[in-house]
>>> print(open('data_0.cif').read())   # mmCIF, C-alpha atoms
data_structure
loop_
_atom_site.label_atom_id
_atom_site.label_comp_id
_atom_site.auth_asym_id
_atom_site.auth_seq_id
_atom_site.Cartn_x
_atom_site.Cartn_y
_atom_site.Cartn_z
CA MET A 29 1.82 -27.38 41.86
CA ASN A 30 2.07 -24.60 39.29
CA ILE A 31 1.86 -21.10 40.77
CA ASP A 32 2.83 -19.21 37.62
CA GLY A 33 -0.73 -17.98 37.06
CA PRO A 34 -3.96 -19.15 35.48
CA ASN A 35 -3.90 -21.37 32.44
CA PHE A 36 -5.69 -19.91 29.44
CA VAL A 37 -6.83 -22.19 26.69
CA ALA A 38 -6.69 -20.60 23.26
CA THR A 39 -9.96 -20.53 21.34
CA HIS A 40 -9.98 -23.19 18.68
CA PRO A 41 -9.67 -21.73 15.15
CA ASN A 42 -12.87 -23.49 14.06
CA ILE A 43 -14.83 -21.68 16.78
CA VAL A 44 -13.42 -18.31 15.73
CA GLU A 45 -14.32 -19.03 12.09
CA LEU A 46 -17.84 -20.17 13.03
CA ASP A 47 -18.36 -17.02 15.11
CA ARG A 48 -17.31 -14.93 12.10
CA ILE A 49 -19.75 -16.81 9.85
CA GLY A 50 -22.52 -16.39 12.45
CA ASP A 51 -21.86 -12.64 12.62
CA GLU A 52 -22.00 -12.41 8.83
CA ILE A 53 -25.33 -14.30 8.77
CA ALA A 54 -26.81 -11.90 11.34
CA GLU A 55 -25.53 -8.83 9.47
CA LEU A 56 -26.82 -10.04 6.11
CA SER A 57 -30.20 -10.85 7.69
CA ALA A 58 -30.43 -7.28 8.98
CA HIS A 59 -29.66 -6.00 5.46
CA LEU A 60 -32.37 -8.24 4.01
CA ASP A 61 -34.88 -6.94 6.57
CA ALA A 62 -33.95 -3.37 5.65
CA ALA A 63 -34.46 -4.21 1.97
CA THR A 64 -37.79 -5.84 2.84
CA ALA A 65 -38.86 -2.59 4.54
CA ARG A 66 -38.17 -0.71 1.31
CA LEU A 67 -40.02 -3.38 -0.70
CA LEU A 68 -43.05 -3.03 1.60
CA ASP A 69 -42.97 0.77 1.19
CA LEU A 70 -43.07 0.30 -2.58
CA ILE A 71 -45.84 -2.30 -2.39
CA ARG A 72 -47.93 0.05 -0.21
CA GLU A 73 -47.50 2.93 -2.68
CA PHE A 74 -48.13 0.69 -5.73
CA ASP A 75 -51.27 -0.70 -4.10
CA ALA A 76 -52.59 2.70 -3.00
CA ARG A 77 -52.06 4.16 -6.46
CA GLY A 78 -53.70 1.18 -8.18
CA GLY A 79 -50.64 0.15 -10.15
CA TRP A 80 -51.95 -3.40 -10.28
CA ASN A 81 -55.32 -2.33 -11.73
CA ASN A 82 -54.46 -3.16 -15.32
CA GLY A 83 -56.20 -6.50 -15.58
CA PHE A 84 -55.38 -7.99 -12.18
CA LEU A 85 -57.91 -8.51 -9.40
CA SER A 86 -55.67 -7.14 -6.66
CA CYS A 87 -52.16 -6.13 -5.76
CA ALA A 88 -51.64 -9.64 -4.40
CA HIS A 89 -52.59 -11.16 -7.76
CA TRP A 90 -50.16 -8.80 -9.48
CA LEU A 91 -47.37 -9.83 -7.07
CA CYS A 92 -48.08 -13.50 -7.84
CA TYR A 93 -47.73 -12.86 -11.54
CA ARG A 94 -44.93 -10.32 -11.61
CA VAL A 95 -42.76 -11.36 -8.67
CA GLY A 96 -43.63 -15.05 -8.44
CA LEU A 97 -45.00 -15.05 -4.90
CA GLU A 98 -47.49 -17.67 -3.78
CA MET A 99 -50.95 -16.11 -3.26
CA GLY A 100 -50.92 -16.43 0.55
CA ALA A 101 -47.48 -14.84 0.76
CA ALA A 102 -48.53 -12.07 -1.64
CA ARG A 103 -51.64 -11.27 0.39
CA GLU A 104 -49.56 -11.21 3.55
CA ARG A 105 -47.03 -8.80 2.01
CA VAL A 106 -49.83 -6.44 0.99
CA ARG A 107 -51.44 -6.69 4.44
CA VAL A 108 -48.16 -5.95 6.22
CA ALA A 109 -47.33 -3.12 3.81
CA ARG A 110 -50.70 -1.48 4.45
CA ALA A 111 -50.42 -1.93 8.22
CA LEU A 112 -46.95 -0.39 8.35
CA GLY A 113 -48.39 2.75 6.79
CA THR A 114 -50.04 3.47 10.15
CA LEU A 115 -47.30 1.97 12.34
CA PRO A 116 -44.19 4.11 11.79
CA ARG A 117 -42.19 2.78 14.75
CA LEU A 118 -42.48 -0.80 13.56
CA ALA A 119 -41.69 0.30 9.99
CA GLN A 120 -38.56 2.14 11.17
CA ALA A 121 -37.39 -0.80 13.28
CA LEU A 122 -37.71 -3.09 10.26
CA ALA A 123 -35.89 -0.57 8.03
CA ARG A 124 -33.02 -0.37 10.54
CA GLY A 125 -32.80 -4.16 10.73
CA GLU A 126 -33.76 -4.13 14.43
CA LEU A 127 -36.86 -6.28 13.89
CA SER A 128 -37.11 -9.16 11.46
CA TYR A 129 -39.87 -9.38 8.88
CA SER A 130 -41.21 -12.41 10.78
CA LYS A 131 -41.67 -10.34 13.94
CA VAL A 132 -43.17 -7.40 12.07
CA ARG A 133 -45.55 -9.68 10.15
CA ALA A 134 -46.80 -11.12 13.44
CA LEU A 135 -47.02 -7.80 15.28
CA THR A 136 -48.96 -6.07 12.49
CA ARG A 137 -51.78 -8.58 13.00
CA ILE A 138 -52.67 -6.98 16.33
CA ALA A 139 -50.84 -3.63 16.50
CA THR A 140 -52.68 -0.33 16.46
CA PRO A 141 -51.16 3.15 16.65
CA GLU A 142 -52.08 3.15 20.36
CA THR A 143 -50.37 -0.19 21.12
CA GLU A 144 -47.46 0.10 18.70
CA GLU A 145 -44.84 1.30 21.20
CA ARG A 146 -45.56 -1.49 23.69
CA LEU A 147 -45.62 -4.14 20.99
CA LEU A 148 -42.36 -2.82 19.56
CA LYS A 149 -40.78 -3.49 22.97
CA VAL A 150 -42.18 -7.04 22.89
CA GLY A 151 -40.69 -7.51 19.42
CA LEU A 152 -37.29 -6.20 20.44
CA ALA A 153 -37.19 -8.33 23.59
CA GLY A 154 -38.42 -11.69 22.29
CA THR A 155 -37.57 -14.16 19.58
CA ALA A 156 -39.76 -14.39 16.49
CA ASP A 157 -41.24 -17.58 17.92
CA HIS A 158 -42.16 -15.86 21.20
CA VAL A 159 -43.73 -12.94 19.35
CA GLU A 160 -45.70 -15.30 17.11
CA ARG A 161 -46.97 -17.25 20.14
CA ILE A 162 -48.10 -14.08 21.86
CA VAL A 163 -49.87 -12.85 18.74
CA ARG A 164 -51.52 -16.19 17.97
CA GLY A 165 -52.71 -16.50 21.52
CA GLY A 166 -53.94 -12.92 21.43
CA GLY A 167 -56.93 -13.82 19.30
CA ARG A 168 -58.10 -16.24 21.99
CA GLY A 169 -57.89 -13.89 24.96
CA ASP A 170 -60.43 -13.59 27.71
CA SER A 171 -62.93 -11.90 25.40
CA GLY A 172 -61.24 -12.42 22.05
CA ASN A 173 -60.71 -8.68 21.60
CA ARG A 174 -58.11 -8.43 18.84
CA GLY A 175 -57.98 -4.65 19.00
CA SER A 176 -56.32 -4.53 22.39
CA PRO A 177 -52.60 -5.05 23.04
CA GLY A 178 -51.71 -8.68 22.61
CA GLY A 179 -55.29 -9.28 21.56
CA VAL A 180 -56.32 -9.53 25.19
CA ALA A 181 -59.29 -7.54 26.40
CA SER A 182 -58.59 -4.59 28.67
CA ALA A 183 -61.18 -5.50 31.24
CA GLY A 184 -59.84 -3.89 34.39
CA THR A 185 -57.93 -5.57 37.15
CA SER A 186 -60.51 -7.73 38.90
CA GLU A 187 -59.94 -11.45 39.20
CA GLY A 188 -60.93 -13.59 36.25
CA ARG A 189 -62.33 -17.13 36.19
CA ARG A 190 -58.97 -18.76 36.77
CA GLY A 191 -57.71 -16.62 39.64
CA ARG A 192 -55.40 -14.41 37.60
CA PRO A 193 -56.03 -10.73 36.97
CA ARG A 194 -58.68 -10.06 34.34
CA GLY A 195 -57.04 -8.87 31.13
CA THR A 196 -54.27 -11.46 31.27
CA ALA A 197 -54.07 -14.77 29.52
CA VAL A 198 -51.58 -17.61 29.68
CA ARG A 199 -50.21 -18.52 26.26
CA GLY A 200 -48.10 -21.36 24.96
CA ARG A 201 -47.95 -23.37 28.17
CA SER A 202 -45.67 -26.27 27.38
CA ARG A 203 -42.80 -28.17 28.90
CA GLY A 204 -42.71 -26.13 32.08
CA THR A 205 -43.05 -22.65 30.64
CA ALA A 206 -45.87 -20.23 29.96
CA ILE A 207 -46.10 -16.90 28.21
CA ARG A 208 -48.47 -14.48 29.87
CA ALA A 209 -49.73 -11.66 27.67
CA ARG A 210 -51.15 -8.80 29.71
CA SER A 211 -53.67 -6.21 28.62
CA CYS A 212 -51.06 -3.47 28.98
CA GLY A 213 -49.14 -5.00 26.07
CA THR A 214 -46.37 -6.64 28.08
CA ALA A 215 -45.52 -10.31 28.05
CA ILE A 216 -43.99 -12.47 30.74
CA LEU A 217 -42.17 -15.74 30.08
CA ARG A 218 -42.37 -17.92 33.18
CA ARG A 219 -40.72 -21.22 34.13
CA PHE A 220 -42.37 -23.72 36.46
CA PRO A 221 -39.96 -25.83 38.56
CA GLY A 222 -40.33 -29.56 38.47
CA ARG A 223 -41.81 -29.67 34.97
CA ALA A 224 -40.59 -31.68 32.00
CA ASP A 225 -37.85 -29.28 30.89
CA ASP A 226 -36.10 -28.95 34.29
#
>>> encode(input="data_0.cif", output="structure tokens")
Amino acid sequence: MNIDGPNFVATHPNIVELDRIGDEIAELSAHLDAATARLLDLIREFDARGGWNNGFLSCAHWLCYRVGLEMGAARERVRVARALGTLPRLAQALARGELSYSKVRALTRIATPETEERLLKVGLAGTADHVERIVRGGGRGDSGNRGSPGGVASAGTSEGRRGRPRGTAVRGRSRGTAIRARSCGTAILRRFPGRADD
């Protein structure tokens, strides 16, 4: 029996190198998001000042021609750029590389100045996939009210049809998990024991 002390296994050089590469990917992604924030600022100003109005139908059409974006992507860039003009906290988080463009794109579909702070917290806490699920589900809330946080109607706290508080909706139920978006703008990820992913 060896009583000299605990045995430490050195980290394999490949793991150290892969960690370094992973860190570089994350850092570069944050830089790209910051550059995207600047691009969206410029698109918003160009659009507002009518810079595209020299033979093009819209700013999106101009982006297709000049930058080579596909029409759907161009329209989405213009929509997000316009929305960020009224959502400074989301714009700042994107510019600092704290939120990815994917999260911001999703959040701007339902965010208002009143719900921005709560939705920013959702964006910071969840993955882009979680945020997208919450936002997509938001349009199919109890009353379909897209203007409320998470798109779920703020209908008080009485019990709804399915025994959960009114103003909440279960989203993305699959493989033993569910995302619950609440009318206050928070989201809860819940696991159910004994389901397929346990």
>>> resolve_selection(input="data_0.cif", expression="the PyMOL selection byres ((chain A and resi 64-72) around 10)", output="number ranges by chain")
A: 58-63, 73-79, 87-88, 91, 105-113, 118-125, 128-129, 132
>>> atom_distance(input="data_0.cif", atom1="atom CA of A:Leu127", atom2="atom CA of A:Ala139")
14.5 Å
>>> closest_residue(input="data_0.cif", among="A:His40, A:Arg117, A:Arg133, A:Arg146", to="A:Glu160", atoms="only C-alpha atoms")
A:Arg133
>>> closest_residue(input="data_0.cif", among="A:Thr143, A:Gly100, A:Leu85, A:Ala54", to="A:Glu126", atoms="all atoms listed in the file")
A:Ala54
>>> axis_aligned_box(input="data_0.cif", around="stretch 65-75 of chain A", padding_each_side="4 Å", output="lines of an AutoDock Vina configuration file")
center_x = -44.7
center_y = -0.2
center_z = -0.6
size_x = 21.1
size_y = 14.3
size_z = 18.3
>>> atom_distance(input="data_0.cif", atom1="atom CA of A:Trp80", atom2="atom CA of A:Thr114")
21.6 Å
>>> atom_distance(input="data_0.cif", atom1="atom CA of A:Glu142", atom2="atom CA of A:Ser57")
28.9 Å
>>> closest_residue(input="data_0.cif", among="A:Asn35, A:Ala156, A:Val150, A:Arg103", to="A:Ser86", atoms="all atoms listed in the file")
A:Arg103
>>> build_atoms(input="data_0.cif", residues="stretch 43-55 of chain A", atoms="N, CA, C and O atoms", output="CSV table (one decimal), in the frame of the given file")
chain,number,residue,atom,x,y,z
A,43,ILE,N,-13.8,-22.5,16.0
A,43,ILE,CA,-14.8,-21.7,16.8
A,43,ILE,C,-14.8,-20.2,16.3
A,43,ILE,O,-15.8,-19.6,16.1
A,44,VAL,N,-13.6,-19.7,16.2
A,44,VAL,CA,-13.4,-18.3,15.7
A,44,VAL,C,-14.0,-18.1,14.3
A,44,VAL,O,-14.8,-17.2,14.1
A,45,GLU,N,-13.8,-19.1,13.4
A,45,GLU,CA,-14.3,-19.0,12.1
A,45,GLU,C,-15.9,-19.1,12.1
A,45,GLU,O,-16.5,-18.4,11.4
A,46,LEU,N,-16.4,-20.0,12.9
A,46,LEU,CA,-17.8,-20.2,13.0
A,46,LEU,C,-18.5,-18.9,13.6
A,46,LEU,O,-19.6,-18.5,13.2
A,47,ASP,N,-17.8,-18.3,14.6
A,47,ASP,CA,-18.4,-17.0,15.1
A,47,ASP,C,-18.4,-15.9,14.0
A,47,ASP,O,-19.3,-15.2,13.9
A,48,ARG,N,-17.4,-15.9,13.2
A,48,ARG,CA,-17.3,-14.9,12.1
A,48,ARG,C,-18.4,-15.2,11.1
A,48,ARG,O,-19.1,-14.3,10.7
A,49,ILE,N,-18.7,-16.5,10.8
A,49,ILE,CA,-19.8,-16.8,9.8
A,49,ILE,C,-21.1,-16.4,10.5
A,49,ILE,O,-22.0,-15.9,9.8
A,50,GLY,N,-21.3,-16.7,11.8
A,50,GLY,CA,-22.5,-16.4,12.4
A,50,GLY,C,-22.8,-14.9,12.4
A,50,GLY,O,-23.9,-14.4,12.2
A,51,ASP,N,-21.7,-14.1,12.7
A,51,ASP,CA,-21.9,-12.6,12.6
A,51,ASP,C,-22.3,-12.2,11.2
A,51,ASP,O,-23.1,-11.3,11.1
A,52,GLU,N,-21.7,-12.8,10.2
A,52,GLU,CA,-22.0,-12.4,8.8
A,52,GLU,C,-23.4,-12.8,8.5
A,52,GLU,O,-24.1,-12.0,7.8
A,53,ILE,N,-23.9,-13.9,9.0
A,53,ILE,CA,-25.3,-14.3,8.8
A,53,ILE,C,-26.3,-13.3,9.4
A,53,ILE,O,-27.2,-12.8,8.8
A,54,ALA,N,-26.0,-12.9,10.6
A,54,ALA,CA,-26.8,-11.9,11.3
A,54,ALA,C,-26.8,-10.5,10.6
A,54,ALA,O,-27.8,-9.9,10.5
A,55,GLU,N,-25.6,-10.1,10.2
A,55,GLU,CA,-25.5,-8.8,9.5
A,55,GLU,C,-26.3,-8.9,8.1
A,55,GLU,O,-27.0,-7.9,7.8
